[in-house]
$ cat structure-v4.cif   # mmCIF, C-alpha atoms
data_run
#
loop_
_atom_site.label_atom_id
_atom_site.label_comp_id
_atom_site.auth_asym_id
_atom_site.auth_seq_id
_atom_site.Cartn_x
_atom_site.Cartn_y
_atom_site.Cartn_z
CA MET A 1 31.49 54.87 27.32
CA LYS A 2 30.01 52.51 29.87
CA LEU A 3 27.06 50.18 29.28
CA LEU A 4 25.65 47.95 32.00
CA ILE A 5 23.19 45.24 31.02
CA VAL A 6 21.07 44.22 33.99
CA SER A 7 19.18 40.95 33.70
CA ALA A 8 17.42 38.94 36.36
CA LEU A 9 14.90 36.30 37.20
CA SER A 10 11.59 38.04 37.79
CA GLY A 11 11.26 38.94 41.45
CA SER A 12 14.98 38.96 42.20
CA GLY A 13 15.41 42.75 42.23
CA LYS A 14 16.08 44.10 38.73
CA SER A 15 13.91 47.17 39.24
CA ILE A 16 15.68 47.98 42.51
CA ALA A 17 19.05 47.62 40.76
CA LEU A 18 18.06 49.98 37.95
CA ASP A 19 16.68 52.55 40.41
CA THR A 20 19.94 52.41 42.34
CA LEU A 21 22.04 52.80 39.19
CA GLU A 22 19.97 55.81 38.21
CA ASP A 23 20.84 57.34 41.59
CA CYS A 24 24.51 56.65 40.76
CA GLY A 25 24.29 58.73 37.57
CA TYR A 26 23.38 56.09 35.00
CA TYR A 27 20.81 56.69 32.28
CA CYS A 28 18.52 53.68 32.77
CA ILE A 29 16.16 51.91 30.39
CA ASP A 30 14.11 48.89 31.43
CA ASN A 31 12.95 46.04 29.20
CA LEU A 32 14.68 47.09 26.00
CA PRO A 33 14.19 44.40 23.31
CA VAL A 34 17.50 42.81 22.35
CA THR A 35 16.67 43.48 18.68
CA LEU A 36 16.82 47.23 19.40
CA LEU A 37 20.23 47.16 21.08
CA GLU A 38 22.18 47.87 17.89
CA ASP A 39 19.93 50.77 16.90
CA PHE A 40 20.07 52.22 20.40
CA ILE A 41 23.87 52.12 20.43
CA ASN A 42 24.29 53.53 16.93
CA HIS A 43 21.62 56.22 16.96
CA VAL A 44 21.40 57.14 20.64
CA MET A 45 24.51 56.31 22.68
CA LEU A 46 27.10 57.08 20.01
CA ALA A 47 25.14 60.11 18.78
CA ASP A 48 25.13 61.73 22.24
CA LYS A 49 28.14 60.43 24.12
CA LYS A 50 27.83 62.96 26.91
CA THR A 51 24.24 62.14 27.90
CA TYR A 52 24.70 58.37 27.57
CA ALA A 53 28.28 58.09 28.86
CA LYS A 54 26.97 55.80 31.63
CA THR A 55 23.96 53.76 30.57
CA ALA A 56 22.19 50.79 32.16
CA ILE A 57 19.71 48.63 30.23
CA GLY A 58 17.38 46.06 31.75
CA ILE A 59 16.75 42.94 29.66
CA ASP A 60 14.43 40.19 30.82
CA ALA A 61 12.53 37.13 29.60
CA ARG A 62 9.83 39.20 27.93
CA ASN A 63 12.13 39.26 24.90
CA GLN A 64 11.49 36.68 22.20
CA CYS A 65 13.39 33.48 22.90
CA GLU A 66 15.30 33.55 19.60
CA THR A 67 16.71 37.02 20.34
CA LEU A 68 17.85 35.87 23.78
CA ALA A 69 19.44 32.80 22.23
CA ASN A 70 21.52 35.10 19.99
CA PHE A 71 22.63 37.34 22.85
CA SER A 72 26.30 36.41 22.36
CA ASP A 73 26.22 37.98 18.89
CA SER A 74 24.66 41.14 20.29
CA LEU A 75 27.33 41.35 22.99
CA THR A 76 30.13 40.95 20.44
CA LEU A 77 28.58 43.72 18.35
CA ILE A 78 28.36 46.07 21.34
CA ARG A 79 32.01 45.60 22.26
CA SER A 80 33.10 46.02 18.63
CA LYS A 81 31.82 49.60 18.89
CA GLY A 82 34.40 50.38 21.57
CA ILE A 83 31.83 50.40 24.40
CA ASP A 84 32.82 49.05 27.81
CA CYS A 85 29.98 46.60 28.43
CA GLU A 86 29.43 44.63 31.63
CA ILE A 87 26.59 42.34 32.63
CA ILE A 88 24.93 41.99 36.01
CA PHE A 89 22.72 38.94 36.50
CA MET A 90 20.47 38.62 39.54
CA GLN A 91 18.86 35.46 40.78
CA ALA A 92 17.22 33.96 43.86
CA GLU A 93 16.21 30.55 45.09
CA GLU A 94 12.93 29.21 43.73
CA ALA A 95 11.31 29.12 47.18
CA THR A 96 12.20 32.79 47.70
CA LEU A 97 10.73 33.83 44.35
CA LEU A 98 7.53 31.89 45.00
CA LYS A 99 7.21 33.56 48.39
CA ARG A 100 7.76 37.04 46.94
CA TYR A 101 5.12 36.52 44.28
CA SER A 102 2.64 35.21 46.84
CA GLU A 103 3.24 38.27 49.03
CA THR A 104 2.96 40.87 46.27
CA ARG A 105 0.29 39.02 44.27
CA ARG A 106 1.92 40.24 41.08
CA ARG A 107 1.66 38.21 37.91
CA HIS A 108 4.80 36.61 36.52
CA PRO A 109 5.32 37.78 32.91
CA LEU A 110 5.45 34.20 31.59
CA THR A 111 2.42 32.78 33.37
CA ASP A 112 -0.91 32.17 31.67
CA PHE A 113 -3.83 29.75 32.03
CA ASN A 114 -1.62 26.86 30.92
CA ILE A 115 1.65 27.79 32.67
CA PRO A 116 1.62 27.95 36.50
CA LEU A 117 4.10 30.12 38.39
CA LYS A 118 6.52 27.34 39.29
CA GLU A 119 6.77 26.23 35.67
CA ALA A 120 7.16 29.85 34.51
CA LEU A 121 10.18 30.29 36.81
CA LYS A 122 11.87 27.25 35.26
CA ILE A 123 11.16 28.45 31.71
CA GLU A 124 12.47 31.91 32.54
CA LYS A 125 15.71 30.52 33.96
CA GLN A 126 16.31 28.59 30.73
CA LEU A 127 15.51 31.61 28.55
CA LEU A 128 17.98 33.84 30.41
CA THR A 129 20.85 31.33 30.41
CA PRO A 130 22.52 32.96 27.35
CA ILE A 131 22.78 36.21 29.32
CA ALA A 132 23.67 34.62 32.66
CA LYS A 133 26.65 32.76 31.23
CA HIS A 134 28.22 36.06 30.13
CA ALA A 135 27.64 37.82 33.46
CA ASN A 136 30.55 39.71 34.99
CA VAL A 137 28.84 39.58 38.36
CA VAL A 138 26.06 37.34 39.65
CA ILE A 139 24.07 38.50 42.68
CA ASP A 140 21.96 36.10 44.72
CA THR A 141 19.19 38.08 46.45
CA SER A 142 17.55 35.18 48.29
CA ARG A 143 18.43 36.62 51.70
CA THR A 144 18.83 40.28 50.72
CA HIS A 145 16.24 42.91 51.51
CA TYR A 146 15.63 46.20 49.69
CA HIS A 147 18.19 48.38 51.47
CA GLN A 148 20.90 45.70 51.46
CA LEU A 149 20.48 45.23 47.71
CA ARG A 150 20.72 48.97 47.05
CA GLU A 151 23.90 49.14 49.12
CA LEU A 152 25.35 46.13 47.33
CA ILE A 153 24.66 47.61 43.88
CA ARG A 154 26.17 50.95 44.92
CA ASP A 155 29.29 49.23 46.24
CA GLN A 156 29.66 46.90 43.26
CA ILE A 157 29.05 49.45 40.54
CA GLY A 158 28.36 53.01 41.60
CA GLU A 159 31.52 53.58 43.65
CA ARG A 160 33.93 51.42 41.65
CA ASP A 161 34.80 53.63 38.68
CA PHE A 162 38.15 54.80 40.03
CA ARG A 163 39.32 51.42 41.29
CA HIS A 164 40.63 48.28 39.64
CA ILE A 165 38.56 45.45 41.09
CA SER A 166 35.67 44.96 43.50
CA ILE A 167 36.06 42.18 46.06
CA GLN A 168 33.12 41.12 48.18
CA PHE A 169 33.99 39.25 51.37
CA GLN A 170 30.94 37.41 52.68
CA SER A 171 30.35 35.39 55.84
CA PHE A 172 27.55 32.81 55.90
CA GLY A 173 26.23 29.76 57.70
CA PHE A 174 26.32 26.43 55.91
CA LYS A 175 23.05 25.41 57.56
CA HIS A 176 21.37 28.23 55.62
CA GLY A 177 22.93 27.26 52.28
CA VAL A 178 26.07 28.14 50.35
CA PRO A 179 25.91 31.54 48.54
CA LEU A 180 25.12 30.99 44.87
CA ASP A 181 27.18 33.98 43.75
CA ALA A 182 30.50 33.03 45.44
CA ASP A 183 33.66 32.57 43.36
CA PHE A 184 35.59 31.02 46.28
CA VAL A 185 34.12 29.29 49.34
CA PHE A 186 36.24 28.56 52.42
CA ASP A 187 34.90 26.20 55.08
CA ALA A 188 35.74 27.20 58.68
CA ARG A 189 33.59 24.54 60.37
CA SER A 190 36.64 22.54 61.50
CA LEU A 191 37.89 25.43 63.66
CA PRO A 192 37.21 25.79 67.42
CA ASN A 193 33.66 27.05 67.85
CA PRO A 194 32.82 29.86 70.32
CA TYR A 195 29.23 28.61 70.25
CA TRP A 196 30.20 25.90 72.73
CA VAL A 197 31.44 28.47 75.25
CA PRO A 198 28.24 29.47 77.10
CA GLU A 199 29.18 33.10 77.66
CA LEU A 200 30.18 33.54 73.99
CA ARG A 201 27.16 31.81 72.44
CA PRO A 202 24.88 34.89 72.24
CA LEU A 203 27.68 37.07 70.80
CA THR A 204 29.02 37.32 67.25
CA GLY A 205 32.43 37.46 65.60
CA LYS A 206 32.30 41.24 65.89
CA ASP A 207 32.28 41.21 69.69
CA GLN A 208 35.66 41.53 71.43
CA PRO A 209 35.34 38.44 73.68
CA VAL A 210 34.78 36.28 70.59
CA VAL A 211 37.62 38.01 68.74
CA ASP A 212 39.97 37.37 71.69
CA PHE A 213 38.88 33.73 71.90
CA LEU A 214 39.53 33.08 68.20
CA LYS A 215 42.82 35.00 68.12
CA ASP A 216 44.15 32.64 70.78
CA GLN A 217 43.39 29.54 68.70
CA PRO A 218 46.42 28.29 66.69
CA LEU A 219 44.16 26.50 64.18
CA VAL A 220 42.26 29.73 63.48
CA ASN A 221 45.50 31.60 62.86
CA GLU A 222 46.77 28.85 60.54
CA PHE A 223 43.47 28.86 58.61
CA PHE A 224 43.55 32.65 58.25
CA GLN A 225 47.16 32.61 57.04
CA ASP A 226 46.49 29.87 54.49
CA VAL A 227 43.46 31.70 53.07
CA SER A 228 45.37 35.01 53.00
CA ASP A 229 48.33 33.45 51.19
CA PHE A 230 46.01 31.86 48.63
CA LEU A 231 44.18 35.12 47.94
CA GLU A 232 47.38 37.19 47.88
CA ARG A 233 48.64 34.92 45.11
CA TRP A 234 45.48 34.57 43.04
CA ILE A 235 43.60 37.87 43.26
CA PRO A 236 46.23 39.66 41.10
CA ARG A 237 45.92 36.85 38.54
CA PHE A 238 42.17 37.32 38.26
CA GLU A 239 42.60 41.09 38.02
CA ALA A 240 45.21 40.65 35.27
CA GLU A 241 42.66 38.59 33.33
CA GLY A 242 40.26 41.53 33.40
CA ARG A 243 37.95 40.42 36.20
CA SER A 244 36.11 43.37 37.73
CA TYR A 245 34.33 41.46 40.50
CA LEU A 246 35.25 38.67 42.86
CA THR A 247 33.13 37.21 45.68
CA ILE A 248 34.94 35.36 48.46
CA ALA A 249 32.75 33.56 50.99
CA VAL A 250 33.77 32.13 54.35
CA GLY A 251 31.31 29.82 56.04
CA CYS A 252 30.87 28.26 59.46
CA THR A 253 27.91 26.36 60.86
CA GLY A 254 25.58 29.23 61.73
CA GLY A 255 27.37 32.23 60.23
CA GLN A 256 27.60 34.05 63.58
CA HIS A 257 31.10 33.61 65.04
CA ARG A 258 34.03 32.08 63.11
CA SER A 259 33.09 33.20 59.59
CA VAL A 260 32.29 36.74 60.75
CA TYR A 261 35.61 37.05 62.56
CA LEU A 262 37.58 35.70 59.59
CA VAL A 263 35.85 37.94 57.04
CA ASP A 264 36.54 41.04 59.13
CA ALA A 265 40.18 39.96 59.48
CA LEU A 266 40.48 39.43 55.71
CA ILE A 267 39.05 42.89 55.05
CA LYS A 268 41.79 44.45 57.17
CA GLN A 269 44.38 42.36 55.34
CA PHE A 270 43.28 43.29 51.81
CA LYS A 271 42.14 46.89 52.29
CA SER A 272 43.77 49.05 49.62
CA PRO A 273 43.14 52.37 47.80
CA PHE A 274 43.09 50.37 44.56
CA VAL A 275 40.55 47.75 45.60
CA ASN A 276 36.88 48.31 46.32
CA ILE A 277 36.19 46.13 49.35
CA ILE A 278 32.60 45.10 50.07
CA VAL A 279 31.56 43.26 53.22
CA ARG A 280 28.42 41.24 53.75
CA HIS A 281 27.65 39.25 56.88
CA ARG A 282 24.68 37.36 55.49
CA GLU A 283 23.35 35.80 58.68
CA LEU A 284 23.79 38.88 60.89
CA HIS A 285 21.00 40.80 59.08
#
$ encode --input "structure-v4.cif" --output "structure tokens"
Amino acid sequence: MKLLIVSALSGSGKSIALDTLEDCGYYCIDNLPVTLLEDFINHVMLADKKTYAKTAIGIDARNQCETLANFSDSLTLIRSKGIDCEIIFMQAEEATLLKRYSETRRRHPLTDFNIPLKEALKIEKQLLTPIAKHANVVIDTSRTHYHQLRELIRDQIGERDFRHISIQFQSFGFKHGVPLDADFVFDARSLPNPYWVPELRPLTGKDQPVVDFLKDQPLVNEFFQDVSDFLERWIPRFEAEGRSYLTIAVGCTGGQHRSVYLVDALIKQFKSPFVNIIVRHRELH
């Protein structure tokens, strides 16, 4: 049996994730109190293994703080029942969450007359730390819109059942911030930059003239080989330790040329029937 626990900072996309999982065949429940987890597993999931073979439960900061603080005990109990339990935690930068709340005019669940929105976000982050630290995968949605998030959830979870590990290769621009959900970050800013070639500047690392330019650069080839050798050695080690998800980010200055080219090259290198490869060019969207 499979149980996914989906937790998130309010406004970072938990509802979208649960809707997507439901489309992938999961029985989804939102805002289940942690105190009811044991009863739900004993009297619902285990009593009807066919209906609840794939279940996703949303847990957020509306739970009482003491139950969230004891989440580790609840997780141990779940796994002692022989249930394959994984945790997805979603987050976003504070500025992004503030903007989303201002646009939707929704009320944050922790705000009241004495607690403004900015303070509520900080309290919520602290409350959810016991869940976040156990997360199998962390997704930063700061620069992810609705359709991108649905695709990411489908790739990470919905299509992964028959494969061993999901690896997300992500390009990004350092000037827009380092991805918060990356396990490895490789810095390509020291490589020759097509941006300084006038005819290549408006193109991206997906365009053939840029690809040809970078392929002809010895430093780019050395960088690619070093990263490939590192990942070839260490990805199997992480998989052997039971990791289901790995996010590998390659960054350049603007996230348009070098990082895009390198990520696409890495995808070709590591494509395998036994690995679920996910690609995200953050700055191209």
$ closest_residue --input "structure-v4.cif" --among "A:Leu32, A:Leu203, A:Pro130, A:Val227" --to "Val185 in chain A" --atoms "only C-alpha atoms"
A:Val227
$ residues_around --input "structure-v4.cif" --residues "Gln168 in chain A" --least-positions-apart "2" --cutoff "7 Å" --atoms "all atoms listed in the file" --output "PyMOL selection string"
chain A and resi 166+170+246-248+277-279
$ write_last_selection --input "structure-v4.cif" --atoms "C-alpha atoms" --output "PDB file, in the frame of the given file"
ATOM      1  CA  SER A 166      35.670  44.960  43.500  1.00  0.00           C
ATOM      2  CA  GLN A 170      30.940  37.410  52.680  1.00  0.00           C
ATOM      3  CA  LEU A 246      35.250  38.670  42.860  1.00  0.00           C
ATOM      4  CA  THR A 247      33.130  37.210  45.680  1.00  0.00           C
ATOM      5  CA  ILE A 248      34.940  35.360  48.460  1.00  0.00           C
ATOM      6  CA  ILE A 277      36.190  46.130  49.350  1.00  0.00           C
ATOM      7  CA  ILE A 278      32.600  45.100  50.070  1.00  0.00           C
ATOM      8  CA  VAL A 279      31.560  43.260  53.220  1.00  0.00           C
TER       9      VAL A 279
END
$ closest_atom_pairs --input "structure-v4.cif" --of "range 151-193 of chain A" --to "range 260-267 of chain A" --cutoff "8 Å" --atoms "only C-alpha atoms" --output "CSV"
residue,atom,partner,partner_atom,distance
A:Phe169,CA,A:Val263,CA,6.1
A:Gln170,CA,A:Val263,CA,6.6
A:Ser171,CA,A:Val260,CA,5.4
A:Phe172,CA,A:Val260,CA,7.8
$ atom_distance --input "structure-v4.cif" --atom1 "CA of Val211 in chain A" --atom2 "CA of Ile167 in chain A"
23.1 Å
$ atom_distance --input "structure-v4.cif" --atom1 "CA of Arg189 in chain A" --atom2 "CA of Thr253 in chain A"
6.0 Å
$ atom_distance --input "structure-v4.cif" --atom1 "CA of Arg243 in chain A" --atom2 "CA of Val137 in chain A"
9.4 Å
$ closest_atom_pairs --input "structure-v4.cif" --of "range 120-175 of chain A" --to "range 79-101 of chain A" --cutoff "10 Å" --atoms "only C-alpha atoms" --output "CSV"
residue,atom,partner,partner_atom,distance
A:Leu121,CA,A:Glu94,CA,7.5
A:Lys122,CA,A:Glu94,CA,8.8
A:Lys125,CA,A:Gln91,CA,9.0
A:Leu128,CA,A:Phe89,CA,9.3
A:Thr129,CA,A:Phe89,CA,9.9
A:Ile131,CA,A:Phe89,CA,7.7
A:Ala132,CA,A:Phe89,CA,5.9
A:Lys133,CA,A:Phe89,CA,9.0
A:His134,CA,A:Ile87,CA,7.0
A:Ala135,CA,A:Ile87,CA,4.7
A:Asn136,CA,A:Ile87,CA,5.3
A:Val137,CA,A:Ile88,CA,5.2
A:Val138,CA,A:Phe89,CA,4.9
A:Ile139,CA,A:Met90,CA,4.8
A:Asp140,CA,A:Gln91,CA,5.1
A:Thr141,CA,A:Ala92,CA,5.3
A:Ser142,CA,A:Ala92,CA,4.6
A:Arg143,CA,A:Thr96,CA,8.3
A:Thr144,CA,A:Ala92,CA,9.5
A:Ile153,CA,A:Ile88,CA,9.7
A:Gln156,CA,A:Ile88,CA,10.0
A:Ile157,CA,A:Ile88,CA,9.7
$ closest_residue --input "structure-v4.cif" --among "A:Asp181, A:Glu283, A:Glu232, A:Asp60" --to "Gly13 in chain A" --atoms "all atoms listed in the file"
A:Asp60
$ resolve_selection --input "structure-v4.cif" --expression "the PyMOL selection byres ((chain A and resi 108-110) around 9)" --output "PyMOL selection string"
chain A and resi 10-11+61-62+101+106-107+111-112+115-117+120-121+123-124
